[in-house]
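Engineer: Next up, final.txt (compact mmCIF, C-alpha atoms).
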# COMPACT_ATOMS: atom_id res chain seq x y z
CA MET A 1 45.36 11.05 105.48
CA PHE A 2 42.69 8.48 106.19
CA CYS A 3 38.98 7.86 106.61
CA VAL A 4 37.42 6.23 109.65
CA SER A 5 34.07 4.45 109.63
CA THR A 6 32.33 4.82 112.96
CA VAL A 7 28.99 3.18 112.24
CA SER A 8 28.55 2.19 108.62
CA ALA A 9 29.75 3.10 105.14
CA MET A 10 27.03 5.75 105.08
CA ASP A 11 28.63 7.44 108.10
CA TYR A 12 32.25 7.60 106.99
CA LYS A 13 34.13 10.25 108.96
CA ILE A 14 37.19 11.75 107.33
CA LYS A 15 39.92 13.08 109.60
CA GLU A 16 42.69 14.14 107.23
CA VAL A 17 41.93 14.64 103.56
CA SER A 18 43.08 16.46 100.47
CA MET A 19 40.03 17.35 98.38
CA LEU A 20 38.94 19.93 95.84
CA LEU A 21 35.95 21.99 97.00
CA ARG A 22 35.41 24.27 94.01
CA PHE A 23 37.12 25.58 90.90
CA GLU A 24 36.38 28.89 89.15
CA VAL A 25 37.56 30.37 85.85
CA ALA A 26 36.77 33.30 83.59
CA ASN A 27 38.17 34.45 80.24
CA HIS A 28 39.78 31.19 79.19
CA ARG A 29 39.16 29.73 75.72
CA SER A 30 35.36 29.42 75.28
CA ILE A 31 34.75 30.46 78.90
CA CYS A 32 34.05 34.21 79.01
CA GLU A 33 32.00 35.02 82.10
CA PRO A 34 32.95 33.29 85.37
CA VAL A 35 31.85 29.67 85.80
CA GLU A 36 32.18 27.56 88.93
CA LEU A 37 32.45 23.80 89.38
CA SER A 38 31.48 22.83 92.94
CA MET A 39 32.17 19.52 94.67
CA PHE A 40 29.74 20.17 97.53
CA ALA A 41 27.10 17.46 97.87
CA MET A 42 23.40 18.22 97.66
CA ASP A 43 22.23 14.75 98.76
CA LYS A 44 24.25 14.01 101.88
CA ASP A 45 22.84 10.64 102.93
CA ARG A 46 25.10 8.65 100.60
CA ALA A 47 28.47 6.95 101.07
CA ALA A 48 29.76 8.85 98.04
CA ALA A 49 29.23 12.15 99.88
CA ARG A 50 32.17 12.38 102.27
CA GLN A 51 32.17 14.26 105.54
CA VAL A 52 35.27 16.39 106.02
CA ALA A 53 36.45 17.44 109.46
CA GLY A 54 35.88 21.15 109.96
CA LEU A 55 33.34 21.47 107.14
CA ASP A 56 29.58 21.14 107.48
CA PRO A 57 28.74 20.31 103.82
CA ARG A 58 29.74 16.88 102.55
CA ILE A 59 32.12 16.67 99.60
CA LEU A 60 31.73 14.63 96.42
CA THR A 61 34.40 12.43 94.89
CA ILE A 62 32.99 12.69 91.35
CA ALA A 63 32.06 15.41 88.87
CA ALA A 64 30.89 14.37 85.40
CA LEU A 65 30.70 16.98 82.63
CA TYR A 66 28.11 16.47 79.87
CA GLY A 67 27.34 18.65 76.88
CA ALA A 68 27.20 18.88 73.10
CA ASN A 69 30.37 19.00 71.03
CA GLY A 70 31.92 22.45 71.15
CA SER A 71 30.02 23.49 74.29
CA GLY A 72 33.17 23.84 76.41
CA LYS A 73 33.48 20.63 78.46
CA THR A 74 37.12 20.16 77.59
CA ASN A 75 37.87 23.85 78.04
CA LEU A 76 36.96 23.62 81.71
CA ILE A 77 39.38 20.69 82.00
CA ASP A 78 41.93 22.76 80.07
CA ALA A 79 41.63 25.66 82.52
CA LEU A 80 42.34 23.44 85.54
CA SER A 81 45.22 21.82 83.66
CA TRP A 82 46.53 25.27 82.73
CA LEU A 83 46.59 26.33 86.39
CA SER A 84 48.36 23.15 87.48
CA HIS A 85 51.01 23.51 84.78
CA ALA A 86 51.40 27.23 85.53
CA VAL A 87 52.30 26.49 89.16
CA ARG A 88 54.75 23.87 87.94
CA PHE A 89 56.44 25.82 85.11
CA SER A 90 56.08 29.60 85.50
CA LEU A 91 59.43 29.91 87.32
CA ARG A 92 61.32 27.94 84.68
CA SER A 93 59.48 28.77 81.47
CA TRP A 94 57.84 32.20 81.67
CA GLU A 95 60.11 35.14 80.99
CA ASP A 96 58.70 37.85 78.74
CA GLU A 97 55.22 36.46 78.15
CA ILE A 98 52.57 34.40 79.94
CA PRO A 99 50.83 31.84 77.68
CA VAL A 100 47.27 32.82 78.53
CA ASP A 101 44.48 31.54 76.29
CA PRO A 102 41.66 34.12 76.60
CA PHE A 103 38.15 34.07 75.16
CA SER A 104 38.45 34.76 71.44
CA PHE A 105 35.18 36.50 70.62
CA SER A 106 35.00 39.20 73.27
CA PRO A 107 34.17 42.65 71.82
CA GLU A 108 35.48 44.30 74.98
CA SER A 109 39.01 45.51 75.58
CA PRO A 110 41.36 42.80 76.82
CA ARG A 111 40.84 41.80 80.43
CA PRO A 112 42.72 39.41 82.69
CA THR A 113 42.10 35.70 82.88
CA SER A 114 40.84 34.76 86.35
CA LEU A 115 41.22 31.42 88.11
CA GLY A 116 40.36 30.34 91.63
CA VAL A 117 40.56 27.11 93.53
CA GLU A 118 39.28 26.14 96.97
CA LEU A 119 40.45 22.97 98.66
CA VAL A 120 40.87 21.31 102.01
CA VAL A 121 44.16 19.76 103.13
CA SER A 122 44.64 18.16 106.55
CA ASP A 123 41.41 19.66 107.88
CA VAL A 124 42.32 23.22 106.81
CA ARG A 125 40.45 24.99 104.03
CA TYR A 126 42.44 27.11 101.55
CA ARG A 127 41.47 29.51 98.78
CA TYR A 128 43.82 30.55 95.98
CA GLU A 129 42.96 33.40 93.57
CA LEU A 130 44.83 34.45 90.44
CA GLN A 131 44.41 37.12 87.74
CA LEU A 132 46.86 37.52 84.88
CA ASP A 133 47.28 38.55 81.28
CA ALA A 134 49.97 37.93 78.67
CA SER A 135 52.41 40.43 80.18
CA ARG A 136 52.08 40.11 83.96
CA VAL A 137 50.47 38.62 87.02
CA VAL A 138 47.81 41.19 87.87
CA SER A 139 46.92 39.77 91.29
CA GLU A 140 47.54 36.61 93.30
CA ALA A 141 46.41 35.67 96.80
CA LEU A 142 46.23 32.70 99.15
CA TYR A 143 44.04 32.45 102.23
CA SER A 144 43.58 29.76 104.84
CA TYR A 145 40.62 29.23 107.16
CA PRO A 146 41.71 27.55 110.39
CA GLN A 147 38.78 27.46 112.83
CA GLN A 148 36.68 28.93 109.98
CA ARG A 149 38.39 32.33 110.28
CA ARG A 150 40.16 33.78 107.24
CA ARG A 151 43.90 34.24 107.49
CA THR A 152 45.90 35.93 104.72
CA LEU A 153 48.98 33.93 103.78
CA PHE A 154 49.95 36.34 101.01
CA GLU A 155 48.41 38.95 98.75
CA ARG A 156 49.97 40.36 95.62
CA ASN A 157 48.83 43.26 93.46
CA GLU A 158 51.27 43.51 90.57
CA GLU A 159 54.48 44.77 92.24
CA ASP A 160 53.01 45.14 95.74
CA TRP A 161 53.31 42.07 97.99
CA ALA A 162 52.15 41.38 101.51
CA PHE A 163 53.05 38.11 103.23
CA ARG A 164 51.81 36.85 106.56
CA ARG A 165 54.04 37.91 109.40
CA GLY A 166 56.69 35.31 110.02
CA THR A 167 56.92 34.17 106.39
CA ARG A 168 60.56 33.71 105.44
CA PHE A 169 62.14 33.23 102.05
CA SER A 170 65.00 30.78 101.60
CA GLY A 171 67.49 30.45 98.76
CA GLY A 172 66.76 33.85 97.27
CA GLY A 173 63.07 33.08 96.89
CA ARG A 174 61.95 36.71 96.93
CA GLU A 175 64.22 37.60 94.01
CA LEU A 176 62.71 34.77 91.96
CA ILE A 177 59.25 36.36 91.94
CA THR A 178 59.06 38.36 88.71
CA PRO A 179 56.06 40.00 86.98
CA THR A 180 55.55 36.72 85.07
CA THR A 181 56.26 34.25 87.90
CA LEU A 182 53.62 32.90 90.30
CA VAL A 183 54.34 33.02 94.00
CA LEU A 184 53.16 29.41 94.19
CA SER A 185 55.94 28.43 91.76
CA VAL A 186 58.52 29.34 94.44
CA ALA A 187 56.44 27.97 97.31
CA ASN A 188 59.07 25.38 98.23
CA ARG A 189 61.19 28.33 99.40
CA LEU A 190 58.36 29.60 101.61
CA THR A 191 56.39 28.19 104.52
CA GLU A 192 54.85 24.71 104.42
CA GLU A 193 51.41 26.30 104.77
CA ILE A 194 51.88 27.93 101.35
CA ASN A 195 53.73 25.00 99.80
CA VAL A 196 50.96 22.54 100.67
CA VAL A 197 48.61 24.29 98.21
CA ALA A 198 51.27 24.52 95.50
CA ARG A 199 52.05 20.83 95.95
CA TRP A 200 48.37 19.88 95.65
CA LEU A 201 47.98 21.84 92.40
CA ARG A 202 51.18 20.40 90.92
CA ASN A 203 50.07 16.87 91.76
CA VAL A 204 46.67 16.91 90.05
CA ARG A 205 46.80 14.02 87.55
CA PHE A 206 45.69 14.79 84.00
CA VAL A 207 45.48 11.55 82.04
CA GLY A 208 47.18 12.15 78.71
CA TYR A 209 46.13 15.80 78.64
CA TRP A 210 48.25 18.92 78.15
CA PRO A 211 46.82 22.48 78.18
CA ARG A 212 46.58 23.82 74.64
CA ALA A 213 48.22 27.16 75.50
CA PHE A 214 51.40 25.26 76.41
CA MET A 215 51.48 23.59 72.98
CA ALA A 216 52.79 24.91 69.68
CA PRO A 217 49.91 25.97 67.36
CA GLU A 218 50.69 23.22 64.86
CA ALA A 219 50.64 20.60 67.63
CA ARG A 220 47.09 21.61 68.60
CA LEU A 221 45.84 20.42 65.23
CA TYR A 222 47.15 16.89 65.71
CA ARG A 223 44.96 14.83 67.96
CA PRO A 224 45.48 11.08 67.59
CA GLY A 225 42.42 8.89 67.93
CA SER A 226 43.38 7.95 71.46
CA ARG A 227 44.62 11.03 73.27
CA TRP A 228 45.26 8.97 76.41
CA MET A 229 48.03 6.92 74.85
CA HIS A 230 51.56 7.84 75.73
CA ASP A 231 54.91 6.09 76.00
CA TRP A 232 54.92 3.10 78.31
CA ASP A 233 56.94 4.63 81.11
CA ASP A 234 58.72 3.15 84.11
CA ARG A 235 55.57 3.32 86.23
CA LEU A 236 53.65 0.98 83.96
CA MET A 237 56.64 -1.31 83.42
CA GLY A 238 57.30 -1.35 87.15
CA LEU A 239 53.82 -2.67 87.84
CA PHE A 240 54.43 -5.88 85.92
CA ASP A 241 58.20 -6.38 85.73
CA GLU A 242 59.28 -9.20 88.08
CA SER A 243 62.81 -7.78 88.12
CA THR A 244 61.50 -4.80 90.07
CA ALA A 245 60.81 -7.04 93.04
CA ARG A 246 64.13 -8.89 92.59
CA ASP A 247 66.01 -5.58 92.60
CA ARG A 248 64.50 -4.93 96.03
CA GLU A 249 65.47 -8.28 97.46
CA GLY A 250 65.98 -7.84 101.18
CA GLU A 251 63.50 -4.97 101.31
CA ASP A 252 60.58 -7.16 102.30
CA ALA A 253 58.03 -4.39 102.67
CA ALA A 254 58.89 -2.81 99.31
CA ALA A 255 58.91 -6.17 97.53
CA ALA A 256 55.58 -7.14 99.07
CA SER A 257 54.11 -3.80 98.01
CA THR A 258 55.36 -4.37 94.45
CA HIS A 259 53.73 -7.81 94.29
CA GLN A 260 50.51 -6.42 95.75
CA GLN A 261 50.38 -3.61 93.20
CA ARG A 262 50.98 -6.07 90.36
CA ASP A 263 48.21 -8.32 91.62
CA ARG A 264 45.82 -5.38 91.82
CA ALA A 265 46.75 -4.21 88.34
CA LEU A 266 46.15 -7.71 86.97
CA SER A 267 42.81 -7.85 88.74
CA MET A 268 41.81 -4.57 87.11
CA LEU A 269 42.79 -5.91 83.70
CA LYS A 270 40.80 -9.11 84.22
CA PHE A 271 37.80 -7.33 85.69
CA ALA A 272 37.51 -5.36 82.45
CA ASP A 273 36.61 -8.69 80.80
CA LEU A 274 39.20 -8.33 78.07
CA GLY A 275 40.12 -12.00 77.95
CA VAL A 276 43.44 -11.13 79.55
CA GLN A 277 44.95 -13.92 81.65
CA GLY A 278 48.23 -12.23 82.57
CA VAL A 279 51.08 -9.96 81.55
CA GLU A 280 54.64 -10.80 80.62
CA VAL A 281 57.73 -8.66 80.23
CA VAL A 282 60.12 -9.72 77.48
CA ASP A 283 63.38 -8.40 76.07
CA GLN A 284 63.28 -6.37 72.92
CA PRO A 285 64.49 -8.25 69.84
CA LEU A 286 67.96 -7.43 68.59
CA GLY A 287 68.01 -4.39 66.37
CA ALA A 288 64.90 -2.84 67.88
CA SER A 289 65.07 0.74 69.11
CA PRO A 290 65.51 0.62 72.90
CA ARG A 291 62.50 1.59 74.98
CA ASN A 292 61.77 0.83 78.59
CA ARG A 293 65.38 -0.32 79.11
CA GLY A 294 65.13 -2.74 76.19
CA ARG A 295 62.06 -4.52 77.57
CA ARG A 296 58.42 -4.51 76.55
CA LEU A 297 55.05 -5.71 77.77
CA ARG A 298 52.82 -8.33 76.18
CA LEU A 299 49.37 -9.31 77.38
CA LEU A 300 48.56 -13.01 77.72
CA HIS A 301 45.13 -13.96 76.40
CA ASP A 302 43.20 -17.06 77.39
CA ILE A 303 42.72 -19.04 74.18
CA SER A 304 40.97 -22.39 74.77
CA GLY A 305 42.49 -22.55 78.24
CA ASP A 306 46.07 -21.74 77.20
CA PRO A 307 47.87 -18.37 77.52
CA HIS A 308 48.82 -16.78 74.21
CA PRO A 309 50.86 -13.53 74.10
CA LEU A 310 49.79 -10.57 71.99
CA GLU A 311 51.95 -7.53 71.27
CA LEU A 312 50.57 -4.24 72.57
CA GLY A 313 50.47 -2.86 69.04
CA ASP A 314 47.95 -5.56 68.16
CA GLU A 315 45.64 -4.88 71.11
CA SER A 316 42.40 -2.92 70.74
CA ASP A 317 42.23 0.77 71.60
CA GLY A 318 39.96 -0.01 74.54
CA THR A 319 42.45 -2.49 76.01
CA LEU A 320 45.36 -0.07 75.59
CA ILE A 321 43.44 2.84 77.10
CA TRP A 322 42.41 0.79 80.11
CA LEU A 323 46.00 -0.46 80.53
CA SER A 324 47.36 3.09 80.39
CA LEU A 325 44.82 4.20 83.00
CA ILE A 326 45.66 1.53 85.57
CA PRO A 327 48.86 3.10 87.01
CA GLU A 328 47.14 6.47 87.39
CA LEU A 329 44.04 4.96 88.99
CA LEU A 330 46.02 2.85 91.45
CA SER A 331 48.16 5.83 92.35
CA VAL A 332 45.31 8.23 93.08
CA LEU A 333 43.25 5.61 94.95
CA ASP A 334 46.31 4.71 97.07
CA GLU A 335 47.50 8.25 97.73
CA GLY A 336 44.39 10.42 97.46
CA GLY A 337 44.17 13.60 95.38
CA LEU A 338 42.47 14.43 92.09
CA ILE A 339 42.56 12.78 88.67
CA VAL A 340 41.08 14.46 85.59
CA VAL A 341 40.10 12.57 82.43
CA ASP A 342 38.83 14.03 79.18
CA GLU A 343 36.42 11.73 77.31
CA LEU A 344 36.23 8.94 79.87
CA ASP A 345 34.08 6.87 77.53
CA ALA A 346 36.58 6.96 74.63
CA SER A 347 36.97 3.33 73.49
CA LEU A 348 35.86 2.03 76.91
CA HIS A 349 32.84 -0.22 77.34
CA PRO A 350 30.10 1.56 79.35
CA VAL A 351 30.19 -1.19 82.00
CA ILE A 352 33.92 -0.58 82.58
CA SER A 353 33.36 3.19 82.83
CA GLY A 354 30.52 2.54 85.27
CA LYS A 355 32.68 0.29 87.46
CA LEU A 356 35.38 2.96 87.49
CA VAL A 357 32.82 5.50 88.72
CA GLU A 358 31.76 3.10 91.47
CA MET A 359 35.39 2.69 92.56
CA PHE A 360 35.52 6.40 93.44
CA GLN A 361 32.07 6.45 95.05
CA ASP A 362 32.65 3.46 97.33
CA PRO A 363 34.62 4.16 100.56
CA SER A 364 35.87 0.57 100.63
CA THR A 365 37.71 1.02 97.31
CA ASN A 366 38.41 4.72 97.80
CA PRO A 367 39.23 5.11 101.52
CA LEU A 368 41.44 8.19 100.98
CA CYS A 369 38.64 10.13 99.30
CA ALA A 370 40.33 10.50 95.92
CA GLN A 371 38.35 12.54 93.39
CA ILE A 372 37.78 12.22 89.65
CA ILE A 373 36.52 14.86 87.22
CA PHE A 374 35.73 13.69 83.70
CA THR A 375 33.97 14.66 80.49
CA THR A 376 31.78 12.18 78.64
CA HIS A 377 28.99 11.70 76.11
CA ASP A 378 28.05 8.29 77.52
CA THR A 379 24.46 8.64 78.75
CA SER A 380 24.49 5.12 80.23
CA LEU A 381 26.86 6.42 82.92
CA LEU A 382 24.01 8.54 84.26
CA GLN A 383 22.57 5.43 85.90
CA TYR A 384 25.69 5.35 88.13
CA LEU A 385 25.63 9.06 88.95
CA ASN A 386 23.63 11.15 91.38
CA ARG A 387 22.07 14.44 90.32
CA ASP A 388 24.70 16.49 92.22
CA GLU A 389 27.55 14.68 90.43
CA VAL A 390 26.48 15.85 86.95
CA TRP A 391 27.28 19.19 85.33
CA LEU A 392 26.06 20.46 81.94
CA THR A 393 27.84 22.73 79.50
CA SER A 394 26.01 24.70 76.83
CA LYS A 395 26.92 27.41 74.35
CA ARG A 396 25.49 30.91 74.68
CA PRO A 397 24.60 32.99 71.57
CA ASP A 398 27.95 34.81 71.83
CA GLY A 399 29.83 31.48 71.63
CA SER A 400 30.78 31.40 75.31
CA THR A 401 30.33 28.47 77.67
CA GLU A 402 27.70 28.22 80.37
CA LEU A 403 28.15 25.66 83.16
CA THR A 404 25.09 24.47 85.09
CA PRO A 405 24.67 21.84 87.81
CA LEU A 406 22.07 19.26 86.82
CA SER A 407 20.60 19.46 90.32
CA ASP A 408 19.48 23.02 89.58
CA TYR A 409 19.00 23.02 85.81
CA ARG A 410 17.39 26.28 84.63
CA GLY A 411 16.40 27.13 88.18
CA THR A 412 14.25 24.01 88.50
CA ASN A 413 15.21 21.54 91.19
CA VAL A 414 15.76 18.15 89.54
CA ARG A 415 14.23 15.55 91.80
CA ARG A 416 16.48 12.86 93.16
CA SER A 417 14.21 10.15 91.80
CA THR A 418 14.41 11.49 88.23
CA ASN A 419 15.63 9.06 85.59
CA LEU A 420 18.67 11.09 84.55
CA GLU A 421 19.54 9.11 81.44
CA ARG A 422 16.03 9.28 79.98
CA GLY A 423 15.68 12.96 80.86
CA TYR A 424 19.02 13.79 79.25
CA LEU A 425 18.25 11.91 76.04
CA GLU A 426 14.86 13.62 75.85
CA GLY A 427 16.66 16.96 75.94
CA ARG A 428 15.10 18.07 79.24
CA PHE A 429 18.51 19.16 80.58
CA GLY A 430 20.08 20.43 77.36
CA GLY A 431 23.52 19.13 76.43
CA VAL A 432 22.12 17.18 73.45
CA PRO A 433 23.09 18.47 69.99
CA VAL A 434 20.26 20.07 68.05
CA VAL A 435 20.17 18.41 64.64
CA ASP A 436 18.49 20.07 61.67
CA GLU A 437 16.69 17.07 60.15
CA PHE A 438 15.93 18.94 56.91
CA LEU A 439 19.63 19.72 56.45
CA VAL A 440 20.57 16.09 57.15
CA ARG A 441 18.08 14.85 54.56
CA GLU A 442 19.35 17.37 52.04
CA VAL A 443 22.95 16.29 52.57
CA MET A 444 22.09 12.60 52.34
CA ALA A 445 20.05 13.20 49.20
CA GLY A 446 23.11 14.84 47.64
CA VAL A 447 25.24 11.85 48.59
CA HIS A 448 22.81 9.42 46.97
CA ARG A 449 22.59 11.58 43.81
CA ASP A 450 26.38 11.44 43.46
The structure in this file should be written as structure tokens.

Structural biologist:
Amino acid sequence: MFCVSTVSAMDYKIKEVSMLLRFEVANHRSICEPVELSMFAMDKDRAAARQVAGLDPRILTIAALYGANGSGKTNLIDALSWLSHAVRFSLRSWEDEIPVDPFSFSPESPRPTSLGVELVVSDVRYRYELQLDASRVVSEALYSYPQQRRRTLFERNEEDWAFRRGTRFSGGGRELITPTTLVLSVANRLTEEINVVARWLRNVRFVGYWPRAFMAPEARLYRPGSRWMHDWDDRLMGLFDESTARDREGEDAAAASTHQQRDRALSMLKFADLGVQGVEVVDQPLGASPRNRGRRLRLLHDISGDPHPLELGDESDGTLIWLSLIPELLSVLDEGGLIVVDELDASLHPVISGKLVEMFQDPSTNPLCAQIIFTTHDTSLLQYLNRDEVWLTSKRPDGSTELTPLSDYRGTNVRRSTNLERGYLEGRFGGVPVVDEFLVREVMAGVHRD
């Protein structure tokens, strides 16, 4: 999987990639009618629009979702997360019921939730389609398009299955497919051509996000201020722990890679202009509950030219969020694939968010064509984004979500030269909350009277 520049950065040619082309969903949370998020580029003469072998349209590495609170931005993220977790867990966790999360306000009789994903892996385009309700998988299908001709890898209509000739099950794979189990969940017992799609979906990185349908109802109510924060796991500790390299003594390549990753992680910390000079790993004090094998991280801050350690619990939310993002960012930029972040601007300075966007747009920092999808309210990020990288969510009168590409807002082609930030703030593209000024004044008057 690599990209080759033949003339200039503007003419990057991609030979083997793993990229999302489009995602579709209907009847999930606030999404009632089908919506589609497309990664196809409208403006192709940019380095950020990547050319994929076997496909004529260029593909984007970024999709930014804007919209008012409650308009459904996060629910689109939730649907993609739901599909990824379904492929990972349906075999192990689904027995009598499928944890679907359908649109709540539909007056119609219950109908299946529909999801679809189109992607390209190693120059071959694939399309996966799924329909299901709480009791069963209604339909499931996977197609590939070698030489642009559709080939059916499998089709399933409730209890009726049809697999491509030559497909073999291993380890009792056929018996594992139940009315509540996805075929993709047993893909490792099938052909590599099927498993490659399952592996891609399982490996989508969701930063600190878990689909709500997979959570207990009481857990959905608790959302800490920073939803990205999680336990400091071995991946983060491994980036900065010198003992990791010592444990690999004699494995020169692995040790060198460890040092290189640590240097890159430190550079990312310093680039964020957080006053961080370095990182140290220290043993936990006696009596402390063991975490990370009894070791913990501390950031070293430059105070009048001298390094001073600060415990992570005393760092700002922005510093901790950026630190927790670094392992995920390095991983996806090194390996390719897709990373999804809800509320990218949460506690991050707009300049840092902008630099992160540029990392994914620039072929020199993103040679494997990794992609990022994120939600945000930060209008200053629009100065870093092209019109085809921005999507808008809005709420219909029935409470359902509408998803619109900014490049074709309300059927009007948004010119490439348009100042996106100013237009958005002026309400030309929607997505800005409508505030009843009379109601605000009335509320404030009541506050002052009290």

Engineer: Can you find the residues with an atom no farther than 10 Å from (44.0, 21.8, 75.1), counting all atoms listed in the file, and report them as a ChimeraX atom specification?

Structural biologist: /A:29,74-79,81-82,101,209-215,220

Engineer: State, in Å with one decimal place, the distance from CA of Pro367 in chain A to CA of Asp45 in chain A.

Structural biologist: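 Between CA of Pro367 in chain A and CA of Asp45 in chain A the gap works out to 17.4 Å.
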
Engineer: Can you tell me which residues surround Leu115 in chain A at a distance of at most 12 Å, considering only C-alpha atoms, apart from same-chain residues fewer than 3 positions away, and format the answer as a VMD selection string?

Structural biologist: chain A and resid 22 to 28 31 to 37 76 78 to 84 86 100 102 112 118 127 to 133 137 to 141

Engineer: Under the rule that all atoms listed in the file are counted, which of A:Val279, A:Ala41, A:Glu159, A:Phe103 is the nearest residue to Asp56 in chain A?

Structural biologist: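 Distance minimum relative to Asp56 in chain A lands on A:Ala41.
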
Engineer: Compare A:Val117, A:Ala47, A:Val357, A:Val281 by their minimum atom-to-atom distance to Tyr143 in chain A, counting all atoms listed in the file, and give me the closest one.

Structural biologist: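 Ranking A:Val117, A:Ala47, A:Val357, A:Val281 by distance to Tyr143 in chain A, first place goes to A:Val117.
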
Engineer: Report as a ChimeraX atom specification all protein, DNA and RNA residues lying within 9 Å of Val332 in chain A, evaluated on all atoms listed in the file, omitting residues in the same chain fewer than 4 positions from it.

Structural biologist: /A:205,327-328,336-339,368,370-371

Engineer: Given the choices A:Gly238, A:Gly318, A:Gly116, A:Pro179, which gets closest to Trp94 in chain A if the distance is worked out from all atoms listed in the file?

Structural biologist: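 Looking only at the distances to Trp94 in chain A, the closest residue turns out to be A:Pro179.
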
Engineer: State, in Å with one decimal place, the distance from CA of Asn69 in chain A to CA of His377 in chain A.

Structural biologist: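 Result for CA of Asn69 in chain A versus CA of His377 in chain A: 9.0 Å, one decimal.
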
Engineer: How many Å separate CA of Arg156 in chain A from CA of Val183 in chain A?

Structural biologist: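 Interatomic distance here is 8.7 Å.
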
Engineer: Which residues come within 10 Å of Arg174 in chain A, counting only C-alpha atoms, excluding same-chain residues fewer than 5 positions away, as a list in words?

Structural biologist: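 The residues satisfying every condition are Arg168, Phe169, Val183, Val186, Arg189 and Leu190 of chain A.
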
Engineer: Taking all atoms listed in the file into account, name the residue in A:Gln260, A:Ser380, A:Ser400, A:Asn157 that is nearest to Asp334 in chain A.

Structural biologist: A:Gln260

Engineer: Between A:Val341, A:Ala216, A:Leu356, A:Val276, which one has atoms that come closest to Pro309 in chain A, using only C-alpha atoms?

Structural biologist: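 Of all the options, A:Val276 lies closest to Pro309 in chain A.
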
Engineer: How big is the axis-aligned box around the listed atoms of range 364-368 of chain A once 6 Å is added on each side, and where is its centre? Give both in Å to one decimal, as JSON.

Structural biologist:
{"center_x": 38.7, "center_y": 4.4, "center_z": 99.4, "size_x": 17.6, "size_y": 19.6, "size_z": 16.2}

Engineer: Hey, what's within 10 Å of Asn188 in chain A if we count only C-alpha atoms and toss same-chain stuff fewer than 6 positions away? As a list in words, please?

Structural biologist: Phe169, Ser170, Gly171, Gly173, Ile194, Asn195, Val196, Ala198 and Arg199 of chain A

Engineer: Write out as a PyMOL selection string which residues come within 7 Å of Ile62 in chain A when counting all atoms listed in the file, dropping same-chain ones fewer than 3 positions away.

Structural biologist: chain A and resi 371-373+389

Engineer: Counting all atoms listed in the file, figure out which residue out of A:Ala272, A:Leu201, A:Leu333, A:Ile326 gets nearest to Ile352 in chain A.

Structural biologist: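 For Ile352 in chain A, the nearest of the candidates is A:Ala272.
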